[in-house]
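Chemist: This is the structure I have questions about; it appears just below.
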Amino acid sequence: MKDTHPEIEERFFKMIMEKSGEERLKMGFEMNMMARKLATASILQNAPQISEEDIKLAIFDRFYGIDLSSKVRQKVIEKIKR
């Protein structure tokens, strides 16, 4: 679904592209951190007594689980559990 007017979308793109590569990279890291915080809060809301390891596994599954083959997914899960 695209509900942003093309003119506004173009202005936003130009505004972002005026930032340096470092600024855009920093914005990306900040957005990733916020997404992880929101995911963690959601996980804790549904399972308040969950362990740190299980939180990591749940975040991994939400962010990357469906995009990986079962073999790669299992390797990552094993690494998280170590």
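Labels for the structure tokens follow display order: chains A, B, ..., residues from 1 in each chain, ligands from 1.
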At a cut-off of 9 Å, using only C-alpha atoms, what residues contact range 60-71 of chain A? Leave out same-chain residues fewer than 6 positions from it and give the result as number ranges by chain.
Modeler: A: 36, 39, 77
Chemist: What does the distance between CA of Asp54 in chain A and CA of Gly28 in chain A come to in Å, to one decimal place?
Modeler: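 So the answer is 25.3 Å.
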Chemist: For CA of Met33 in chain A and CA of Ile59 in chain A, quote the distance in Å rounded to one decimal.
Modeler: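 Separation between CA of Met33 in chain A and CA of Ile59 in chain A: 11.7 Å.
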Chemist: Show me, as a list in words, the residues that have an atom within 12 Å of Lys79 in chain A when counting only C-alpha atoms, minus same-chain residues fewer than 2 positions from it.
Modeler: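 Counting only C-alpha atoms, the residues come to Glu53, Lys56, Leu57, Phe60, Val72, Arg73, Gln74, Lys75, Val76, Ile77, Lys81 and Arg82 of chain A.
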Chemist: Where does DSSP see alpha helix (DSSP H) in chain A, if you list the residues as a PDB file with C-alpha atoms, in the first residue's frame?
Modeler:
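Output file result-v9.pdb is given in full below:
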```pdb
ATOM      1  CA  PRO A   6       4.533  11.325  -4.877  1.00  0.00           C
ATOM      2  CA  GLU A   7       5.581  14.954  -4.328  1.00  0.00           C
ATOM      3  CA  ILE A   8       6.052  14.380  -0.595  1.00  0.00           C
ATOM      4  CA  GLU A   9       7.881  11.123  -1.230  1.00  0.00           C
ATOM      5  CA  GLU A  10      10.278  12.917  -3.585  1.00  0.00           C
ATOM      6  CA  ARG A  11      10.894  15.720  -1.060  1.00  0.00           C
ATOM      7  CA  PHE A  12      11.597  13.170   1.664  1.00  0.00           C
ATOM      8  CA  PHE A  13      14.006  11.246  -0.591  1.00  0.00           C
ATOM      9  CA  LYS A  14      15.887  14.444  -1.468  1.00  0.00           C
ATOM     10  CA  MET A  15      16.076  15.392   2.221  1.00  0.00           C
ATOM     11  CA  ILE A  16      17.549  12.006   3.118  1.00  0.00           C
ATOM     12  CA  MET A  17      20.010  12.075   0.223  1.00  0.00           C
ATOM     13  CA  GLY A  21      26.617   8.599   4.162  1.00  0.00           C
ATOM     14  CA  GLU A  22      27.666   8.548   7.812  1.00  0.00           C
ATOM     15  CA  GLU A  23      24.436  10.278   8.876  1.00  0.00           C
ATOM     16  CA  ARG A  24      22.303   7.858   6.840  1.00  0.00           C
ATOM     17  CA  LEU A  25      24.177   4.868   8.271  1.00  0.00           C
ATOM     18  CA  LYS A  26      23.679   6.203  11.800  1.00  0.00           C
ATOM     19  CA  MET A  27      19.945   6.645  11.085  1.00  0.00           C
ATOM     20  CA  GLY A  28      19.794   3.035   9.901  1.00  0.00           C
ATOM     21  CA  PHE A  29      21.468   1.779  13.083  1.00  0.00           C
ATOM     22  CA  GLU A  30      19.114   3.856  15.215  1.00  0.00           C
ATOM     23  CA  MET A  31      16.063   2.498  13.376  1.00  0.00           C
ATOM     24  CA  ASN A  32      17.346  -1.058  13.814  1.00  0.00           C
ATOM     25  CA  MET A  33      17.870  -0.501  17.534  1.00  0.00           C
ATOM     26  CA  MET A  34      14.371   0.942  17.903  1.00  0.00           C
ATOM     27  CA  ALA A  35      12.873  -2.021  16.023  1.00  0.00           C
ATOM     28  CA  ARG A  36      14.686  -4.399  18.392  1.00  0.00           C
ATOM     29  CA  LYS A  37      13.427  -2.469  21.432  1.00  0.00           C
ATOM     30  CA  LEU A  38       9.854  -2.600  20.134  1.00  0.00           C
ATOM     31  CA  ALA A  39      10.136  -6.314  19.359  1.00  0.00           C
ATOM     32  CA  THR A  40      11.586  -6.992  22.817  1.00  0.00           C
ATOM     33  CA  ALA A  41       8.777  -5.058  24.491  1.00  0.00           C
ATOM     34  CA  SER A  42       6.198  -7.021  22.509  1.00  0.00           C
ATOM     35  CA  ILE A  43       7.823 -10.334  23.401  1.00  0.00           C
ATOM     36  CA  LEU A  44       7.993  -9.413  27.086  1.00  0.00           C
ATOM     37  CA  GLN A  45       4.365  -8.290  27.066  1.00  0.00           C
ATOM     38  CA  ASN A  46       3.317 -11.739  25.862  1.00  0.00           C
ATOM     39  CA  GLU A  52      17.403 -13.524  27.794  1.00  0.00           C
ATOM     40  CA  GLU A  53      18.297 -16.421  25.505  1.00  0.00           C
ATOM     41  CA  ASP A  54      14.663 -16.930  24.529  1.00  0.00           C
ATOM     42  CA  ILE A  55      14.305 -13.197  23.848  1.00  0.00           C
ATOM     43  CA  LYS A  56      17.302 -13.371  21.482  1.00  0.00           C
ATOM     44  CA  LEU A  57      15.796 -16.411  19.756  1.00  0.00           C
ATOM     45  CA  ALA A  58      12.400 -14.727  19.406  1.00  0.00           C
ATOM     46  CA  ILE A  59      13.944 -11.552  17.972  1.00  0.00           C
ATOM     47  CA  PHE A  60      16.048 -13.590  15.543  1.00  0.00           C
ATOM     48  CA  ASP A  61      12.955 -15.499  14.457  1.00  0.00           C
ATOM     49  CA  ARG A  62      10.911 -12.308  13.946  1.00  0.00           C
ATOM     50  CA  PHE A  63      13.591 -10.501  11.992  1.00  0.00           C
ATOM     51  CA  TYR A  64      15.305 -13.253   9.988  1.00  0.00           C
ATOM     52  CA  SER A  70      16.212 -24.339   7.832  1.00  0.00           C
ATOM     53  CA  LYS A  71      19.886 -25.402   7.818  1.00  0.00           C
ATOM     54  CA  VAL A  72      21.186 -21.836   8.220  1.00  0.00           C
ATOM     55  CA  ARG A  73      18.444 -21.013  10.715  1.00  0.00           C
ATOM     56  CA  GLN A  74      19.414 -24.004  12.862  1.00  0.00           C
ATOM     57  CA  LYS A  75      23.105 -22.993  12.825  1.00  0.00           C
ATOM     58  CA  VAL A  76      22.222 -19.518  14.064  1.00  0.00           C
ATOM     59  CA  ILE A  77      19.957 -20.916  16.780  1.00  0.00           C
ATOM     60  CA  GLU A  78      22.754 -23.202  17.961  1.00  0.00           C
ATOM     61  CA  LYS A  79      25.153 -20.252  18.084  1.00  0.00           C
ATOM     62  CA  ILE A  80      22.680 -18.152  20.102  1.00  0.00           C
ATOM     63  CA  LYS A  81      22.280 -21.006  22.588  1.00  0.00           C
TER      64      LYS A  81
END
```
